There are 4 protein chains.
Amino acid sequence: MRKKFKKKNTIILSALKLFSKKGFYNTTISEISNNMGVSVGNIYNYFPSKKSLAKASIKFVTEKLAAELRYINNGDMSQKEKIRQFVSVYFVFIQKNPEMIEYFFRVYLSNRELFCDEEDCGFSLAKEFIDEIERLITTGVEYGEFKERDFYVAFSLITGILGAMTFLNGENVLEENLNIYTDEVANTIYKALSC
Amino acid sequence: MRKKFKKKNTIILSALKLFSKKGFYNTTISEISNNMGVSVGNIYNYFPSKKSLAKASIKFVTEKLAAELRYINNGDMSQKEKIRQFVSVYFVFIQKNPEMIEYFFRVYLSNRELFCDEEDCGFSLAKEFIDEIERLITTGVEYGEFKERDFYVAFSLITGILGAMTFLNGENVLEENLNIYTDEVANTIYKALSC
Amino acid sequence: MRKKFKKKNTIILSALKLFSKKGFYNTTISEISNNMGVSVGNIYNYFPSKKSLAKASIKFVTEKLAAELRYINNGDMSQKEKIRQFVSVYFVFIQKNPEMIEYFFRVYLSNRELFCDEEDCGFSLAKEFIDEIERLITTGVEYGEFKERDFYVAFSLITGILGAMTFLNGENVLEENLNIYTDEVANTIYKALSC
Amino acid sequence: MRKKFKKKNTIILSALKLFSKKGFYNTTISEISNNMGVSVGNIYNYFPSKKSLAKASIKFVTEKLAAELRYINNGDMSQKEKIRQFVSVYFVFIQKNPEMIEYFFRVYLSNRELFCDEEDCGFSLAKEFIDEIERLITTGVEYGEFKERDFYVAFSLITGILGAMTFLNGENVLEENLNIYTDEVANTIYKALSC
DNA sequence: CATGAATGAGTGTTCATTCAT
DNA sequence: GATGAATGAACACTCATTCAT
């Protein structure tokens, strides 16, 4: 079973690399299988369809990212410090796992049709990640460190600025290494949220 | 010639509607042609390929959006007021032309491969829109109303929060009408940017 | 429209030839299209699926066969003579259109799954043919020429013996030309049915 | 060896059930193996190919059916009585082993390609069954009970009417239990064959 | 300009068969 | 013998693009 699990992850990583680079519709199963030295048919022993592979991939990514954020949220520090660490960890993550973040933005957020079931058409696959953002915000409000404001605006502020920076970085627009921006981004977020 | 121009726009609008709803790769030329009561072949009299239609569409959208923002930028008021109007106009635009904004986010930002030529792989198609954002920021800094800070961070702040709100709205996550959020979003942006 | 109809029939005839010779599952769409000098894709302009082509084919066959039998049924003669003509016409039909009859037996009768819709899983596609057999029997009973007996037994007698002869002929088991058997088969049926 | 034989039969029975229900081409080896709790690979220890399994299955079926008919043929009674018993035994067999008869009709008779070798493309696999039908007919002729007539016509009469009844029964067209029809079918056959 | 039938390369998926364990 | 992961050829179907009318 361990082995089966390992193999699934290997397939996901291969898919992630290609999906993020070329997009879902421009990546063929046969490319994914070639890329990892496995036959086409064998992929179907682990995932029943290309779509299901895309779903498993986003699950994989968000869990990984959420784990890092969860660790920070559980820590004992001011919200200001938490935000700084959030941004820092996120920027490091982007650089270590660019294909995961690219996948999140370019495939997950843009191809609704792939991740919608009849019942569940939403963010459930990214829930773990979203939950951590939510915790960060609500804790800050509870502690009186953040001004009480509409949740969606606060949520959009944080994810929006991080997303946009990710995007600029992915497009090679930024002139410097992402890390350089950590403090400024963190301060901007904090200033906007604080009382 | 006038007529030719009109027809091109009609095709673009039909494409825009379908591309934004179903994505580029899930929309067929034949759907676009059916949707507007024109033959498949005739579309190729106006656009040499599906890709070129996608490019023309994004040009169409960004010009429309940029025009509105340019008007505000040209106005004579404080940056604070400009930001409020920016947000307001943008939110109205989303609601009046959801397919244009959806197209911008779901097709343009997510399908690099469609908008990259050999020489030019960037934002040139959205340049007009980006330029207005830039003007808003640099003018604010010049007038001493905004703190001097890295341009990319400021740019990400504005476009990020607006983008994220757009996204939440598109997913029907927001409980209220978008307009409700105008002031809070504008204030958040202003607070983050100001000295 | 006439043209479209003609083309549909050409496709059906090509399909009929191959389906009957090699079976449904051993015939590829590409073989059907090659066989008639048309591209694969074009077949799909006329039939939405391989299955639907199989359905249209059986309709085509049964209508053709039923037309011949109907003509006899409408004639003014004894049932004995009608049966003789039935058998005769049927045997001629087999020899002129072997692929149609082969299709009927080898594909239609043996591949339930192809011809079953959710609602209608039966012989509706062959109804016209069955109806003529039924008319022959019931008229004979009404005229007192046939003994009254269970309908299904009479039906099985007629279609069974003809089917079995068809089968032996198709397998090249028969030593003589089918026509030779006309009288003997007709007499056998008549004897079994008559009072 | 005994054990090997048993296992082969178990596999055949599993195959028979699925082939008859879904057809040869819609049944996968893996379904057959699941159905009997054995691994895919192991089936190949007993049968070298799917095709060979289909052949072994038809052998199995015809031997079983032939055995019953042989017993009757060996009995000491009039041909009329033999025919009645033939029909009766056959109808009982259908009801007890529907999958065997379905297999005979839907797979064996309709998929020539499966049962044709280079040398032998015929009924050799069903020979035992056919032989008993032949014996019934020729004995009847010898005893002067049946009119001398072409063998193939007589053969088609018997197998045709039984086959057609089988078919109607399989399609749930018959309104009554098959047994009800025994006498009428037997009489019809006898009447047609007798002097 | 307009039409829509025709093309054919390309893709996801299946499944009989093999073989290392 | 028994297992089931791995293979890869094959097939139904799609769709951007062309072109004769």
# chains A, B, ... in the order shown; residues from 1 in each chain; ligands from 1
$ closest_atom_pairs --of "segment 22-126 of chain C" --to "segment 174-192 of chain C" --cutoff "9 Å" --atoms "only C-alpha atoms" --output "CSV"
residue,atom,partner,partner_atom,distance
C:Gln79,CA,C:Tyr190,CA,8.4
C:Lys80,CA,C:Tyr190,CA,6.3
C:Glu81,CA,C:Ala186,CA,8.9
C:Ile83,CA,C:Ala186,CA,6.0
C:Arg84,CA,C:Ala186,CA,5.0
C:Gln85,CA,C:Ala186,CA,8.4
C:Phe86,CA,C:Ala186,CA,8.3
C:Val87,CA,C:Thr182,CA,6.1
C:Ser88,CA,C:Thr182,CA,5.7
C:Phe91,CA,C:Leu178,CA,6.5
C:Val92,CA,C:Asn179,CA,7.4
C:Ile94,CA,C:Leu178,CA,8.9
C:Gln95,CA,C:Leu178,CA,8.1
$ write_last_selection --atoms "C-alpha atoms" --output "CSV table (one decimal), in the first residue's frame"
chain,number,residue,atom,x,y,z
C,79,GLN,CA,-52.1,-18.1,-48.0
C,80,LYS,CA,-50.3,-21.1,-49.5
C,81,GLU,CA,-49.2,-19.0,-52.4
C,83,ILE,CA,-46.1,-18.3,-48.2
C,84,ARG,CA,-44.4,-19.6,-51.3
C,85,GLN,CA,-43.8,-16.1,-52.5
C,86,PHE,CA,-42.6,-15.0,-49.0
C,87,VAL,CA,-40.0,-17.7,-49.0
C,88,SER,CA,-39.1,-17.1,-52.6
C,91,PHE,CA,-34.3,-16.2,-50.6
C,92,VAL,CA,-33.8,-13.9,-53.5
C,94,ILE,CA,-30.6,-13.0,-49.2
C,95,GLN,CA,-28.7,-13.6,-52.4
$ interface_residues --of "chain C" --to "chain E" --cutoff "12 Å" --atoms "only C-alpha atoms (C1' of nucleotides)" --output "list in words"
Lys3, Lys4, Lys7, Ser30, Ser33, Gly37, Val38, Ser39, Val40, Gly41, Asn42, Ile43, Tyr44, Asn45 and Tyr46 of chain C
$ residues_around --residues "Gly160 of chain D" --least-positions-apart "5" --cutoff "9 Å" --atoms "only C-alpha atoms (C1' of nucleotides)" --output "ChimeraX atom specification"
/C:156-165 /D:155,165
$ select_by_dssp --residues "segment 112-167 of chain D" --states "helix (DSSP H, G or I)" --output "number ranges by chain"
D: 112-115, 123-142, 151-167
$ atom_distance --atom1 "atom CA of Arg112 of chain D" --atom2 "atom CA of Gly170 of chain C"
10.7 Å
$ interface_residues --of "chain F" --to "chain B" --cutoff "9 Å" --atoms "only C-alpha atoms (C1' of nucleotides)" --output "JSON, numbers by chain"
{"F": [15, 16, 17, 18]}
$ write_last_selection --atoms "N, CA, C and O atoms (P, O5', C5', C4', C3', O3' and C1' of nucleotides)" --output "PDB file, in the first residue's frame"
ATOM      1  P    DC F  15     -14.753  19.318 -29.405  1.00  0.00           P
ATOM      2  O5'  DC F  15     -13.880  20.062 -30.486  1.00  0.00           O
ATOM      3  C5'  DC F  15     -12.481  19.782 -30.522  1.00  0.00           C
ATOM      4  C4'  DC F  15     -11.861  20.492 -31.691  1.00  0.00           C
ATOM      5  C3'  DC F  15     -12.654  21.712 -32.173  1.00  0.00           C
ATOM      6  O3'  DC F  15     -11.700  22.686 -32.558  1.00  0.00           O
ATOM      7  C1'  DC F  15     -12.381  20.200 -33.942  1.00  0.00           C
ATOM      8  P    DA F  16     -12.023  24.236 -32.301  1.00  0.00           P
ATOM      9  O5'  DA F  16     -10.828  24.900 -33.113  1.00  0.00           O
ATOM     10  C5'  DA F  16      -9.491  24.565 -32.763  1.00  0.00           C
ATOM     11  C4'  DA F  16      -8.620  24.480 -33.999  1.00  0.00           C
ATOM     12  C3'  DA F  16      -8.631  25.727 -34.863  1.00  0.00           C
ATOM     13  O3'  DA F  16      -7.320  25.893 -35.390  1.00  0.00           O
ATOM     14  C1'  DA F  16      -9.456  23.896 -36.128  1.00  0.00           C
ATOM     15  P    DT F  17      -6.983  27.235 -36.178  1.00  0.00           P
ATOM     16  O5'  DT F  17      -7.227  26.810 -37.676  1.00  0.00           O
ATOM     17  C5'  DT F  17      -6.482  25.695 -38.200  1.00  0.00           C
ATOM     18  C4'  DT F  17      -7.016  25.285 -39.540  1.00  0.00           C
ATOM     19  C3'  DT F  17      -7.257  26.410 -40.555  1.00  0.00           C
ATOM     20  O3'  DT F  17      -6.428  26.154 -41.662  1.00  0.00           O
ATOM     21  C1'  DT F  17      -9.016  24.846 -40.598  1.00  0.00           C
ATOM     22  P    DT F  18      -6.277  27.169 -42.842  1.00  0.00           P
ATOM     23  O5'  DT F  18      -6.950  26.377 -44.054  1.00  0.00           O
ATOM     24  C5'  DT F  18      -6.666  25.010 -44.206  1.00  0.00           C
ATOM     25  C4'  DT F  18      -7.547  24.396 -45.281  1.00  0.00           C
ATOM     26  C3'  DT F  18      -7.702  25.251 -46.539  1.00  0.00           C
ATOM     27  O3'  DT F  18      -7.582  24.375 -47.649  1.00  0.00           O
ATOM     28  C1'  DT F  18      -9.816  24.697 -45.703  1.00  0.00           C
TER      29       DT F  18
END
$ residues_around --residues "Leu18 of chain C" --least-positions-apart "3" --cutoff "7 Å" --atoms "only C-alpha atoms (C1' of nucleotides)" --output "PyMOL selection string"
chain C and resi 14-15+21-22+27+32
$ atom_distance --atom1 "atom CA of Leu53 of chain C" --atom2 "atom CA of Ile12 of chain C"
6.9 Å
$ atom_distance --atom1 "atom CA of Phe167 of chain C" --atom2 "atom CA of Met100 of chain C"
13.0 Å
$ residues_around --residues "Lys147 of chain B" --least-positions-apart "4" --cutoff "8 Å" --atoms "only C-alpha atoms (C1' of nucleotides)" --output "PyMOL selection string"
chain B and resi 141+193-195
$ write_last_selection --atoms "N, CA, C and O atoms" --output "PDB file, in the first residue's frame"
ATOM      1  N   VAL B 141       2.470  59.145  -5.530  1.00  0.00           N
ATOM      2  CA  VAL B 141       3.775  59.273  -4.891  1.00  0.00           C
ATOM      3  C   VAL B 141       4.329  60.677  -5.128  1.00  0.00           C
ATOM      4  O   VAL B 141       4.812  61.337  -4.202  1.00  0.00           O
ATOM      5  N   LEU B 193      -1.581  52.264   1.059  1.00  0.00           N
ATOM      6  CA  LEU B 193      -0.671  53.039   0.208  1.00  0.00           C
ATOM      7  C   LEU B 193      -0.179  54.337   0.835  1.00  0.00           C
ATOM      8  O   LEU B 193       0.926  54.811   0.565  1.00  0.00           O
ATOM      9  N   SER B 194      -1.033  54.903   1.683  1.00  0.00           N
ATOM     10  CA  SER B 194      -0.736  56.269   2.137  1.00  0.00           C
ATOM     11  C   SER B 194       0.441  56.318   3.106  1.00  0.00           C
ATOM     12  O   SER B 194       0.863  55.307   3.658  1.00  0.00           O
ATOM     13  N   CYS B 195       0.922  57.502   3.308  1.00  0.00           N
ATOM     14  CA  CYS B 195       2.087  57.690   4.163  1.00  0.00           C
ATOM     15  C   CYS B 195       1.789  57.353   5.620  1.00  0.00           C
ATOM     16  O   CYS B 195       0.706  57.549   6.096  1.00  0.00           O
TER      17      CYS B 195
END
